[in-house]
>>> print(open('my_file.tsv').read())   # TSV, C-alpha atoms
chain	number	residue	atom	x	y	z
A	18	MET	CA	103.45	41.37	64.82
A	19	SER	CA	103.95	38.10	62.91
A	20	ILE	CA	101.78	35.21	64.15
A	21	GLU	CA	102.63	31.59	63.36
A	22	GLU	CA	99.22	29.89	63.50
A	23	ALA	CA	95.56	30.75	63.14
A	24	PHE	CA	92.16	29.09	63.01
A	25	THR	CA	89.91	29.09	59.96
A	26	ALA	CA	86.30	27.96	60.00
A	27	HIS	CA	86.62	27.38	56.26
A	28	HIS	CA	88.63	24.23	56.96
A	29	ASP	CA	87.70	23.89	60.63
A	30	GLU	CA	91.34	23.59	61.69
A	31	ARG	CA	94.25	25.34	63.29
A	32	LEU	CA	96.82	25.89	60.56
A	33	THR	CA	100.12	27.58	59.82
A	34	ALA	CA	100.44	30.41	57.32
A	35	GLU	CA	102.39	27.98	55.10
A	36	ARG	CA	99.44	25.55	55.03
A	37	ALA	CA	97.01	28.39	54.34
A	38	TYR	CA	99.26	29.44	51.44
A	39	GLU	CA	99.27	25.91	49.99
A	40	LEU	CA	95.51	25.49	50.35
A	41	HIS	CA	94.95	28.81	48.58
A	42	TRP	CA	97.16	27.81	45.63
A	43	ALA	CA	95.47	24.41	45.50
A	44	ASP	CA	92.17	26.29	45.04
A	45	LEU	CA	90.87	25.05	48.41
A	46	LEU	CA	90.99	28.33	50.32
A	47	PRO	CA	89.70	31.63	48.93
A	48	ALA	CA	91.77	34.80	49.09
A	49	ASP	CA	89.15	36.35	51.39
A	50	ALA	CA	89.09	33.43	53.88
A	51	ARG	CA	88.63	34.53	57.49
A	52	PHE	CA	91.23	33.66	60.15
A	53	THR	CA	91.07	34.03	63.92
A	54	CYS	CA	93.63	33.92	66.72
A	55	VAL	CA	94.41	30.60	68.47
A	56	GLY	CA	95.17	32.26	71.83
A	57	THR	CA	93.24	31.22	74.94
A	58	GLY	CA	89.76	32.73	74.89
A	59	CYS	CA	90.65	34.90	71.90
A	60	GLY	CA	88.75	35.44	68.68
A	61	ALA	CA	90.72	38.33	67.19
A	62	PRO	CA	90.44	38.46	63.38
A	63	LEU	CA	93.73	37.93	61.51
A	64	ILE	CA	95.03	38.55	57.99
A	65	CYS	CA	97.21	36.06	56.11
A	66	ALA	CA	99.70	38.36	54.38
A	67	CYS	CA	101.20	37.44	50.99
A	68	LEU	CA	98.61	34.68	50.51
A	69	ASP	CA	98.32	35.37	46.77
A	70	LYS	CA	101.99	36.14	46.04
A	71	PRO	CA	103.62	33.44	43.86
A	72	GLU	CA	107.16	34.61	44.63
A	73	GLN	CA	108.74	34.00	48.02
A	74	ASN	CA	111.87	35.36	49.69
A	75	LEU	CA	112.95	36.77	53.04
A	76	ARG	CA	110.70	39.78	52.53
A	77	ILE	CA	107.73	38.14	50.80
A	78	ARG	CA	106.42	35.09	52.65
A	79	PRO	CA	103.06	34.12	54.16
A	80	TYR	CA	102.38	35.06	57.77
A	81	PHE	CA	99.43	36.00	59.96
A	82	ARG	CA	99.04	39.44	61.49
A	83	SER	CA	96.40	41.28	63.50
A	84	TYR	CA	94.32	44.21	62.35
A	85	ARG	CA	94.75	45.80	65.79
A	86	LEU	CA	96.45	44.61	68.99
A	87	GLU	CA	93.43	45.65	71.03
A	88	ASP	CA	91.29	43.08	69.16
A	89	HIS	CA	92.96	40.31	71.18
A	90	ALA	CA	91.48	39.11	74.48
A	91	ALA	CA	93.27	39.98	77.70
A	92	SER	CA	93.92	36.24	78.19
A	93	CYS	CA	95.54	35.85	74.75
A	94	GLU	CA	99.13	34.66	75.14
A	95	VAL	CA	99.74	35.01	71.38
A	96	ALA	CA	99.45	38.79	71.58
A	97	HIS	CA	100.48	39.39	75.17
A	98	GLY	CA	102.85	36.48	75.92
A	99	ARG	CA	101.51	36.01	79.44
A	100	GLY	CA	102.27	32.83	81.30
A	101	GLU	CA	104.36	31.46	78.44
A	102	SER	CA	107.99	30.48	78.87
A	103	LYS	CA	110.23	30.70	75.84
A	104	PRO	CA	109.79	27.41	73.96
A	105	ASP	CA	112.78	25.12	73.58
A	106	LYS	CA	114.36	24.99	70.16
A	107	ARG	CA	113.07	22.00	68.22
A	108	ALA	CA	114.21	20.46	65.00
A	109	ASP	CA	112.06	21.39	62.02
A	110	VAL	CA	110.51	18.40	60.27
A	111	PHE	CA	110.50	17.95	56.50
A	112	GLU	CA	107.97	15.31	55.48
A	113	ALA	CA	108.89	13.40	52.31
A	114	GLU	CA	105.22	12.62	51.59
A	115	ARG	CA	102.03	14.47	52.41
A	116	PRO	CA	99.18	12.79	54.32
A	117	ALA	CA	96.54	11.36	52.01
A	118	ASP	CA	93.97	13.96	53.12
A	119	HIS	CA	96.35	16.93	53.15
A	120	PHE	CA	94.47	18.64	50.34
A	121	ARG	CA	91.00	17.62	51.40
A	122	ALA	CA	88.16	19.91	50.43
A	123	PRO	CA	86.31	21.64	53.30
A	124	SER	CA	83.84	19.22	54.92
A	125	THR	CA	81.30	21.98	55.59
A	126	PRO	CA	80.61	25.26	53.79
A	127	ALA	CA	82.45	28.30	55.11
A	128	THR	CA	80.38	30.56	57.33
A	129	THR	CA	79.16	33.84	55.93
A	130	ASP	CA	78.55	35.37	59.35
A	131	PRO	CA	81.57	37.54	60.30
A	132	ALA	CA	80.94	36.92	64.00
A	133	ALA	CA	80.47	33.16	63.75
A	134	ALA	CA	84.09	32.08	63.22
A	135	PRO	CA	85.54	34.00	66.19
A	136	ALA	CA	82.78	32.72	68.47
A	137	ARG	CA	83.42	29.13	67.48
A	138	ARG	CA	87.16	29.56	67.97
A	139	VAL	CA	86.77	30.96	71.49
A	140	ALA	CA	84.62	28.02	72.52
A	141	SER	CA	87.16	25.44	71.33
A	142	ALA	CA	90.27	27.21	72.58
A	143	GLY	CA	89.53	27.42	76.28
A	144	THR	CA	91.43	24.28	77.28
A	145	SER	CA	94.16	24.20	74.65
A	146	GLY	CA	95.76	27.63	74.71
A	147	LEU	CA	99.05	28.14	72.89
A	148	LYS	CA	101.08	24.94	72.63
A	149	PRO	CA	104.44	25.20	70.84
A	150	ARG	CA	104.82	22.53	68.18
A	151	ALA	CA	107.61	21.46	65.85
A	152	SER	CA	107.28	23.00	62.39
A	153	HIS	CA	106.34	20.41	59.78
A	154	TYR	CA	106.99	21.24	56.14
A	155	TYR	CA	106.05	19.44	52.94
A	156	ARG	CA	107.36	21.75	50.22
A	157	LEU	CA	111.10	22.21	49.88
A	158	SER	CA	110.39	25.92	49.37
A	159	SER	CA	109.52	26.18	53.07
A	160	LEU	CA	112.80	24.53	54.06
A	161	VAL	CA	114.75	26.84	51.75
A	162	GLN	CA	113.07	29.77	53.48
A	163	LYS	CA	114.31	28.49	56.84
A	164	PHE	CA	117.79	27.93	55.36
A	165	LEU	CA	117.93	31.56	54.26
A	166	GLU	CA	116.76	32.77	57.67
A	167	HIS	CA	119.32	30.62	59.53
A	168	ARG	CA	122.01	31.75	57.12
A	169	ARG	CA	121.11	35.35	57.92
A	170	ASP	CA	121.10	34.56	61.65
A	171	LYS	CA	124.48	32.74	61.35
A	172	ASP	CA	123.30	29.56	63.08
A	173	LEU	CA	123.29	27.07	60.19
A	174	ASP	CA	125.64	24.75	62.08
A	175	THR	CA	123.33	24.51	65.13
A	176	ALA	CA	119.81	24.75	63.65
A	177	THR	CA	118.53	21.27	62.82
A	178	VAL	CA	115.94	19.60	60.64
A	179	GLU	CA	114.57	16.06	60.67
A	180	ILE	CA	114.54	14.80	57.10
A	181	GLY	CA	114.44	11.29	55.67
A	182	GLY	CA	114.46	9.80	59.16
A	183	GLU	CA	117.64	11.59	60.24
A	184	THR	CA	118.27	14.83	62.11
A	185	VAL	CA	120.94	17.01	60.49
A	186	THR	CA	122.03	20.63	60.61
A	187	TYR	CA	121.00	22.98	57.85
A	188	ASP	CA	124.69	23.47	57.14
A	189	ALA	CA	125.16	19.75	56.38
A	190	LEU	CA	121.91	19.38	54.45
A	191	PHE	CA	122.34	22.22	51.92
A	192	ARG	CA	125.16	21.69	49.40
A	193	ASN	CA	126.25	23.79	46.45
A	194	ILE	CA	127.03	21.57	43.46
A	195	PHE	CA	129.86	23.77	42.18
A	196	ARG	CA	132.91	21.65	41.27
A	197	GLN	CA	132.16	18.83	43.70
A	198	LYS	CA	133.20	15.39	42.47
A	199	ALA	CA	130.09	13.69	41.12
A	200	ALA	CA	131.34	10.14	41.81
A	201	ASP	CA	131.75	10.96	45.51
A	202	HIS	CA	128.11	11.97	45.94
A	203	LEU	CA	126.02	9.57	43.84
A	204	GLY	CA	124.55	8.09	47.02
A	205	THR	CA	124.16	11.41	48.82
A	206	ARG	CA	120.62	12.71	49.14
A	207	ALA	CA	120.92	16.36	50.06
A	208	VAL	CA	119.43	19.71	49.10
A	209	TRP	CA	121.68	20.46	46.13
A	210	TRP	CA	121.55	24.01	44.81
A	211	GLY	CA	123.04	26.36	42.27
A	212	THR	CA	122.22	28.80	39.47
A	213	ALA	CA	120.49	27.37	36.41
A	214	SER	CA	118.71	28.12	33.15
A	215	LEU	CA	115.02	27.32	32.79
A	216	ARG	CA	112.93	26.83	29.67
A	217	ALA	CA	109.48	25.50	28.86
A	218	THR	CA	109.22	22.35	26.73
A	219	LYS	CA	106.91	21.80	23.77
A	220	GLU	CA	105.10	19.11	25.76
A	221	GLY	CA	104.09	21.55	28.50
A	222	GLY	CA	106.82	20.73	31.02
A	223	TYR	CA	110.05	22.48	31.97
A	224	TYR	CA	113.76	21.76	31.54
A	225	LEU	CA	116.45	23.03	33.91
A	226	ARG	CA	120.19	22.97	33.41
A	227	PHE	CA	122.60	24.04	36.15
A	228	SER	CA	125.06	26.76	35.20
A	229	ARG	CA	127.92	25.44	37.28
A	230	PRO	CA	129.15	21.87	37.12
A	231	PHE	CA	130.02	18.80	39.06
A	232	ARG	CA	133.51	17.46	38.32
A	233	HIS	CA	134.03	14.00	36.81
A	234	ASP	CA	137.62	12.94	36.11
A	235	ASP	CA	138.99	15.74	33.91
A	236	ILE	CA	135.63	17.04	32.66
A	237	GLU	CA	132.85	19.19	34.05
A	238	LEU	CA	129.22	18.05	33.98
A	239	ARG	CA	126.29	20.42	34.39
A	240	PRO	CA	123.35	18.54	35.95
A	241	THR	CA	119.86	18.68	34.43
A	242	ILE	CA	116.30	18.27	35.70
A	243	THR	CA	113.18	17.59	33.63
A	244	LEU	CA	109.73	18.38	35.01
A	245	THR	CA	107.15	16.61	32.86
A	246	ALA	CA	103.72	18.04	32.03
A	247	LYS	CA	102.13	14.82	33.35
A	248	ASP	CA	103.77	15.20	36.77
A	249	ILE	CA	102.90	18.91	36.95
A	250	ASP	CA	99.26	18.33	36.03
A	251	ALA	CA	98.98	15.76	38.85
A	252	TYR	CA	100.56	18.12	41.40
A	253	PRO	CA	98.01	19.72	43.80
A	254	VAL	CA	99.93	23.04	43.92
A	255	ARG	CA	100.56	23.10	40.15
A	256	ARG	CA	99.05	26.57	39.79
A	257	LEU	CA	101.71	27.99	42.11
A	258	LEU	CA	104.54	26.04	40.45
A	259	ARG	CA	103.59	27.15	36.94
A	260	ALA	CA	103.08	30.76	38.08
A	261	ARG	CA	106.60	30.88	39.52
A	262	LEU	CA	108.31	29.16	36.57
A	263	ASP	CA	106.48	31.14	33.90
A	264	LYS	CA	107.29	34.39	35.70
A	265	LEU	CA	111.00	33.51	35.77
A	266	ILE	CA	110.98	32.76	32.05
A	267	ALA	CA	109.13	36.01	31.26
A	268	GLU	CA	111.02	38.35	33.58
A	269	ALA	CA	114.49	36.79	34.00
A	270	ASP	CA	114.83	34.94	30.69
A	271	GLY	CA	114.87	31.69	32.67
A	272	TYR	CA	117.86	32.59	34.83
A	273	CYS	CA	117.17	31.17	38.29
A	274	VAL	CA	118.48	29.44	41.40
A	275	VAL	CA	117.42	25.82	41.89
A	276	PHE	CA	117.21	23.81	45.11
A	277	VAL	CA	116.45	20.09	44.82
A	278	TRP	CA	116.28	17.34	47.45
A	279	ALA	CA	117.63	14.36	45.54
A	280	LYS	CA	120.65	12.20	44.76
A	281	PRO	CA	122.83	12.98	41.72
A	282	TRP	CA	122.48	10.19	39.13
A	283	MET	CA	124.97	9.09	36.46
A	284	PRO	CA	124.48	6.23	33.98
A	285	LYS	CA	127.09	3.49	34.24
A	286	ASP	CA	127.53	2.59	30.58
A	287	ALA	CA	126.70	5.79	28.67
A	288	GLU	CA	129.04	6.74	25.83
A	289	LYS	CA	129.17	10.27	27.17
A	290	PRO	CA	128.83	10.80	30.95
A	291	PHE	CA	126.17	13.13	32.32
A	292	VAL	CA	124.54	13.95	35.67
A	293	ARG	CA	120.82	14.21	36.26
A	294	PHE	CA	118.51	14.82	39.20
A	295	TYR	CA	115.23	12.90	39.11
A	296	VAL	CA	112.34	14.65	40.85
A	297	ASN	CA	109.50	12.19	41.42
A	298	ASN	CA	107.76	14.48	43.90
A	299	LEU	CA	107.43	18.12	42.89
A	300	ASP	CA	107.39	19.12	46.56
A	301	HIS	CA	111.12	18.32	46.48
A	302	ILE	CA	112.20	21.13	44.15
A	303	ASP	CA	112.24	24.91	44.64
A	304	VAL	CA	113.08	27.34	41.84
A	305	ARG	CA	113.72	30.97	42.77
A	306	GLY	CA	114.56	34.22	41.03
A	307	PRO	CA	118.11	35.57	40.71
A	308	GLU	CA	117.47	38.19	43.43
A	309	ILE	CA	118.13	35.42	45.96
A	310	LEU	CA	121.81	35.59	44.96
A	311	GLU	CA	122.10	38.96	46.68
A	312	GLU	CA	120.67	37.46	49.87
A	313	LEU	CA	123.15	34.56	49.66
A	314	LYS	CA	126.03	36.96	48.98
A	315	ASN	CA	125.20	39.18	51.95
A	316	THR	CA	124.68	36.41	54.50
A	317	SER	CA	127.19	34.10	56.12
A	318	ARG	CA	127.17	30.31	55.90
A	319	ARG	CA	128.62	29.97	59.40
A	320	ALA	CA	128.76	31.93	62.62
>>> encode(input="my_file.tsv", output="structure tokens")
Amino acid sequence: MSIEEAFTAHHDERLTAERAYELHWADLLPADARFTCVGTGCGAPLICACLDKPEQNLRIRPYFRSYRLEDHAASCEVAHGRGESKPDKRADVFEAERPADHFRAPSTPATTDPAAAPARRVASAGTSGLKPRASHYYRLSSLVQKFLEHRRDKDLDTATVEIGGETVTYDALFRNIFRQKAADHLGTRAVWWGTASLRATKEGGYYLRFSRPFRHDDIELRPTITLTAKDIDAYPVRRLLRARLDKLIAEADGYCVVFVWAKPWMPKDAEKPFVRFYVNNLDHIDVRGPEILEELKNTSRRA
């Protein structure tokens, strides 16, 4: 059974598996951190699966699960679903910027008593129970994951996400760059995606070049993205980003699929036209292995 949220005494908060994953890769949550159920009166211990996996796809993604169903309290609606109506569908929320304290270090040392965390959780959960909340995401990777799931479920044109102050469908938000006219989209911020080549730079950054082009008049322009070493070193989840990119270079010779939330940019007076995506926030780019192409091939864009 996949569980969406859990409590950890290590950070004294109720958190999603996605947040646990980010905290781990920001070196703020150990791989052996203890999690407990957020159900009413429940202190069942949970595991965060795939916490230390740098790659992510439909089959490998972070989630919480129980050791045993019988560990949950009889009053636990997470495990037993009692007294809970099916929550209404809500738009996912993609936050362009993280809160200032998003990667705060734990305010108090983690407990070493295996029984302490569940006991504390039971005491604080009695009045709150299970309250459905909209899913908030900060890394584009999380949104891409939802895009793949909605594509598989054939509801891209009805599933929505709030992004940049607007609510749009996943179908409208995600756009393949292949042979679209660059001049028509210079003001369009979307999640642009396509296959690309990846290489490391001498300065310690990375350079990406899309395999398929935008069109411009009678020529084709393959967009590029540069990730500088300075920006990567300042990124809280840099260890995860470098692990993913270095693995793609080592195992796939840099062949990858890139998703980027940005506007295409073209210089006005350049002798030779080109298209570039500027990524000022590394949360706004997701680079995946070529195996995702099989998932995209075998799933439908529309119902």
>>> residues_near_point(input="my_file.tsv", point="(128.3, 25.4, 33.7)", cutoff="12 Å", atoms="only C-alpha atoms", output="ChimeraX atom specification")
/A:194-196,211-214,226-232,236-241
>>> atom_distance(input="my_file.tsv", atom1="atom CA of Leu265 of chain A", atom2="atom CA of Ala279 of chain A")
22.5 Å
>>> atom_distance(input="my_file.tsv", atom1="atom CA of His167 of chain A", atom2="atom CA of Phe191 of chain A")
11.7 Å
>>> closest_residue(input="my_file.tsv", among="A:Leu313, A:Pro71, A:Lys289, A:Arg36", to="Lys171 of chain A", atoms="all atoms listed in the file")
A:Leu313
>>> axis_aligned_box(input="my_file.tsv", around="segment 250-260 of chain A", padding_each_side="6 Å", output="JSON")
{"center_x": 101.3, "center_y": 23.3, "center_z": 40.0, "size_x": 18.5, "size_y": 27.0, "size_z": 19.9}
>>> closest_residue(input="my_file.tsv", among="A:Asp118, A:Cys54, A:His28, A:Arg255", to="Ser92 of chain A", atoms="all atoms listed in the file")
A:Cys54
>>> residues_near_point(input="my_file.tsv", point="(118.3, 25.6, 43.6)", cutoff="10 Å", atoms="only C-alpha atoms", output="VMD selection string")
chain A and resid 158 161 191 to 194 208 to 213 227 273 to 278 302 to 306
>>> atom_distance(input="my_file.tsv", atom1="atom CA of Gly56 of chain A", atom2="atom CA of Leu157 of chain A")
28.9 Å
>>> residues_around(input="my_file.tsv", residues="Ile64 of chain A", least_positions_apart="2", cutoff="8 Å", atoms="all atoms listed in the file", output="CSV table (one decimal) with C-alpha atoms, in the frame of the given file")
chain,number,residue,atom,x,y,z
A,51,ARG,CA,88.6,34.5,57.5
A,52,PHE,CA,91.2,33.7,60.2
A,62,PRO,CA,90.4,38.5,63.4
A,66,ALA,CA,99.7,38.4,54.4
A,81,PHE,CA,99.4,36.0,60.0
A,82,ARG,CA,99.0,39.4,61.5
A,83,SER,CA,96.4,41.3,63.5
A,84,TYR,CA,94.3,44.2,62.4
>>> closest_residue(input="my_file.tsv", among="A:Glu22, A:Asp109, A:Asp69, A:Asp286", to="Val185 of chain A", atoms="only C-alpha atoms")
A:Asp109
>>> decode(input="my_file.tsv", residues="segment 77-89 of chain A", atoms="all heavy atoms", output="PDB file, in the first residue's frame")
ATOM      1  N   ILE A  77      10.162   3.721 -10.312  1.00  0.00           N
ATOM      2  CA  ILE A  77      11.096   4.069  -9.241  1.00  0.00           C
ATOM      3  C   ILE A  77      10.811   5.506  -8.817  1.00  0.00           C
ATOM      4  O   ILE A  77      11.206   6.458  -9.481  1.00  0.00           O
ATOM      5  CB  ILE A  77      12.560   3.942  -9.700  1.00  0.00           C
ATOM      6  CG1 ILE A  77      12.863   2.509 -10.156  1.00  0.00           C
ATOM      7  CG2 ILE A  77      13.499   4.337  -8.577  1.00  0.00           C
ATOM      8  CD1 ILE A  77      14.258   2.335 -10.713  1.00  0.00           C
ATOM      9  N   ARG A  78      10.095   5.661  -7.727  1.00  0.00           N
ATOM     10  CA  ARG A  78       9.785   6.987  -7.193  1.00  0.00           C
ATOM     11  C   ARG A  78       9.563   6.855  -5.692  1.00  0.00           C
ATOM     12  O   ARG A  78       9.181   5.784  -5.205  1.00  0.00           O
ATOM     13  CB  ARG A  78       8.554   7.583  -7.868  1.00  0.00           C
ATOM     14  CG  ARG A  78       7.289   6.776  -7.733  1.00  0.00           C
ATOM     15  CD  ARG A  78       6.163   7.382  -8.571  1.00  0.00           C
ATOM     16  NE  ARG A  78       4.931   6.622  -8.449  1.00  0.00           N
ATOM     17  CZ  ARG A  78       4.018   6.810  -7.508  1.00  0.00           C
ATOM     18  NH1 ARG A  78       4.215   7.737  -6.586  1.00  0.00           N
ATOM     19  NH2 ARG A  78       2.922   6.085  -7.470  1.00  0.00           N
ATOM     20  N   PRO A  79       9.801   7.911  -4.940  1.00  0.00           N
ATOM     21  CA  PRO A  79       9.664   7.801  -3.484  1.00  0.00           C
ATOM     22  C   PRO A  79       8.211   7.661  -3.054  1.00  0.00           C
ATOM     23  O   PRO A  79       7.313   8.306  -3.606  1.00  0.00           O
ATOM     24  CB  PRO A  79      10.269   9.114  -2.978  1.00  0.00           C
ATOM     25  CG  PRO A  79      10.137  10.062  -4.123  1.00  0.00           C
ATOM     26  CD  PRO A  79      10.290   9.235  -5.360  1.00  0.00           C
ATOM     27  N   TYR A  80       7.975   6.807  -2.079  1.00  0.00           N
ATOM     28  CA  TYR A  80       6.644   6.659  -1.491  1.00  0.00           C
ATOM     29  C   TYR A  80       6.805   5.990  -0.136  1.00  0.00           C
ATOM     30  O   TYR A  80       7.807   5.329   0.143  1.00  0.00           O
ATOM     31  CB  TYR A  80       5.719   5.831  -2.401  1.00  0.00           C
ATOM     32  CG  TYR A  80       6.148   4.390  -2.586  1.00  0.00           C
ATOM     33  CD1 TYR A  80       5.635   3.370  -1.771  1.00  0.00           C
ATOM     34  CD2 TYR A  80       7.076   4.037  -3.565  1.00  0.00           C
ATOM     35  CE1 TYR A  80       6.033   2.048  -1.941  1.00  0.00           C
ATOM     36  CE2 TYR A  80       7.485   2.723  -3.732  1.00  0.00           C
ATOM     37  CZ  TYR A  80       6.961   1.738  -2.914  1.00  0.00           C
ATOM     38  OH  TYR A  80       7.365   0.426  -3.068  1.00  0.00           O
ATOM     39  N   PHE A  81       5.811   6.182   0.726  1.00  0.00           N
ATOM     40  CA  PHE A  81       5.813   5.538   2.036  1.00  0.00           C
ATOM     41  C   PHE A  81       5.019   4.239   1.977  1.00  0.00           C
ATOM     42  O   PHE A  81       4.022   4.137   1.256  1.00  0.00           O
ATOM     43  CB  PHE A  81       5.187   6.458   3.091  1.00  0.00           C
ATOM     44  CG  PHE A  81       5.962   7.721   3.346  1.00  0.00           C
ATOM     45  CD1 PHE A  81       5.434   8.960   2.996  1.00  0.00           C
ATOM     46  CD2 PHE A  81       7.212   7.681   3.938  1.00  0.00           C
ATOM     47  CE1 PHE A  81       6.140  10.129   3.224  1.00  0.00           C
ATOM     48  CE2 PHE A  81       7.936   8.845   4.171  1.00  0.00           C
ATOM     49  CZ  PHE A  81       7.398  10.079   3.814  1.00  0.00           C
ATOM     50  N   ARG A  82       5.453   3.259   2.735  1.00  0.00           N
ATOM     51  CA  ARG A  82       4.698   2.019   2.856  1.00  0.00           C
ATOM     52  C   ARG A  82       4.887   1.449   4.257  1.00  0.00           C
ATOM     53  O   ARG A  82       5.856   1.751   4.954  1.00  0.00           O
ATOM     54  CB  ARG A  82       5.122   0.991   1.808  1.00  0.00           C
ATOM     55  CG  ARG A  82       6.559   0.501   1.908  1.00  0.00           C
ATOM     56  CD  ARG A  82       6.841  -0.546   0.845  1.00  0.00           C
ATOM     57  NE  ARG A  82       8.231  -0.972   0.840  1.00  0.00           N
ATOM     58  CZ  ARG A  82       8.732  -1.916   1.611  1.00  0.00           C
ATOM     59  NH1 ARG A  82       7.944  -2.535   2.479  1.00  0.00           N
ATOM     60  NH2 ARG A  82      10.009  -2.254   1.547  1.00  0.00           N
ATOM     61  N   SER A  83       3.929   0.620   4.656  1.00  0.00           N
ATOM     62  CA  SER A  83       3.951   0.012   5.987  1.00  0.00           C
ATOM     63  C   SER A  83       4.812  -1.240   5.990  1.00  0.00           C
ATOM     64  O   SER A  83       4.987  -1.902   4.959  1.00  0.00           O
ATOM     65  CB  SER A  83       2.534  -0.372   6.423  1.00  0.00           C
ATOM     66  OG  SER A  83       1.663   0.729   6.368  1.00  0.00           O
ATOM     67  N   TYR A  84       5.328  -1.582   7.155  1.00  0.00           N
ATOM     68  CA  TYR A  84       5.939  -2.891   7.335  1.00  0.00           C
ATOM     69  C   TYR A  84       4.848  -3.957   7.308  1.00  0.00           C
ATOM     70  O   TYR A  84       4.930  -4.936   6.582  1.00  0.00           O
ATOM     71  CB  TYR A  84       6.664  -2.963   8.687  1.00  0.00           C
ATOM     72  CG  TYR A  84       7.922  -2.140   8.776  1.00  0.00           C
ATOM     73  CD1 TYR A  84       7.877  -0.815   9.193  1.00  0.00           C
ATOM     74  CD2 TYR A  84       9.160  -2.688   8.457  1.00  0.00           C
ATOM     75  CE1 TYR A  84       9.039  -0.054   9.295  1.00  0.00           C
ATOM     76  CE2 TYR A  84      10.330  -1.950   8.561  1.00  0.00           C
ATOM     77  CZ  TYR A  84      10.261  -0.631   8.965  1.00  0.00           C
ATOM     78  OH  TYR A  84      11.408   0.114   9.064  1.00  0.00           O
ATOM     79  N   ARG A  85       3.790  -3.714   8.113  1.00  0.00           N
ATOM     80  CA  ARG A  85       2.664  -4.655   8.208  1.00  0.00           C
ATOM     81  C   ARG A  85       1.384  -3.847   8.405  1.00  0.00           C
ATOM     82  O   ARG A  85       1.372  -2.853   9.132  1.00  0.00           O
ATOM     83  CB  ARG A  85       2.841  -5.608   9.393  1.00  0.00           C
ATOM     84  CG  ARG A  85       4.106  -6.454   9.373  1.00  0.00           C
ATOM     85  CD  ARG A  85       4.210  -7.272  10.648  1.00  0.00           C
ATOM     86  NE  ARG A  85       4.158  -6.430  11.845  1.00  0.00           N
ATOM     87  CZ  ARG A  85       4.068  -6.888  13.081  1.00  0.00           C
ATOM     88  NH1 ARG A  85       3.989  -8.212  13.282  1.00  0.00           N
ATOM     89  NH2 ARG A  85       4.035  -6.074  14.116  1.00  0.00           N
ATOM     90  N   LEU A  86       0.297  -4.280   7.780  1.00  0.00           N
ATOM     91  CA  LEU A  86      -0.983  -3.600   7.928  1.00  0.00           C
ATOM     92  C   LEU A  86      -1.458  -3.610   9.373  1.00  0.00           C
ATOM     93  O   LEU A  86      -2.048  -2.640   9.865  1.00  0.00           O
ATOM     94  CB  LEU A  86      -2.034  -4.261   7.022  1.00  0.00           C
ATOM     95  CG  LEU A  86      -3.429  -3.615   7.007  1.00  0.00           C
ATOM     96  CD1 LEU A  86      -3.352  -2.177   6.518  1.00  0.00           C
ATOM     97  CD2 LEU A  86      -4.391  -4.432   6.144  1.00  0.00           C
ATOM     98  N   GLU A  87      -1.167  -4.693  10.088  1.00  0.00           N
ATOM     99  CA  GLU A  87      -1.640  -4.814  11.466  1.00  0.00           C
ATOM    100  C   GLU A  87      -0.917  -3.867  12.424  1.00  0.00           C
ATOM    101  O   GLU A  87      -1.316  -3.727  13.596  1.00  0.00           O
ATOM    102  CB  GLU A  87      -1.512  -6.254  11.974  1.00  0.00           C
ATOM    103  CG  GLU A  87      -0.138  -6.875  11.818  1.00  0.00           C
ATOM    104  CD  GLU A  87       0.001  -7.653  10.509  1.00  0.00           C
ATOM    105  OE1 GLU A  87      -0.620  -7.254   9.498  1.00  0.00           O
ATOM    106  OE2 GLU A  87       0.746  -8.649  10.523  1.00  0.00           O
ATOM    107  N   ASP A  88       0.140  -3.187  11.966  1.00  0.00           N
ATOM    108  CA  ASP A  88       0.807  -2.198  12.813  1.00  0.00           C
ATOM    109  C   ASP A  88      -0.043  -0.950  13.016  1.00  0.00           C
ATOM    110  O   ASP A  88       0.180  -0.182  13.952  1.00  0.00           O
ATOM    111  CB  ASP A  88       2.151  -1.791  12.204  1.00  0.00           C
ATOM    112  CG  ASP A  88       3.194  -2.894  12.281  1.00  0.00           C
ATOM    113  OD1 ASP A  88       3.032  -3.784  13.132  1.00  0.00           O
ATOM    114  OD2 ASP A  88       4.148  -2.867  11.483  1.00  0.00           O
ATOM    115  N   HIS A  89      -1.001  -0.711  12.100  1.00  0.00           N
ATOM    116  CA  HIS A  89      -1.819   0.494  12.175  1.00  0.00           C
ATOM    117  C   HIS A  89      -2.917   0.355  13.227  1.00  0.00           C
ATOM    118  O   HIS A  89      -3.453  -0.745  13.445  1.00  0.00           O
ATOM    119  CB  HIS A  89      -2.461   0.793  10.810  1.00  0.00           C
ATOM    120  CG  HIS A  89      -1.476   1.199   9.771  1.00  0.00           C
ATOM    121  ND1 HIS A  89      -1.153   2.512   9.501  1.00  0.00           N
ATOM    122  CD2 HIS A  89      -0.731   0.449   8.914  1.00  0.00           C
ATOM    123  CE1 HIS A  89      -0.269   2.560   8.535  1.00  0.00           C
ATOM    124  NE2 HIS A  89       0.015   1.316   8.153  1.00  0.00           N
TER     125      HIS A  89
END
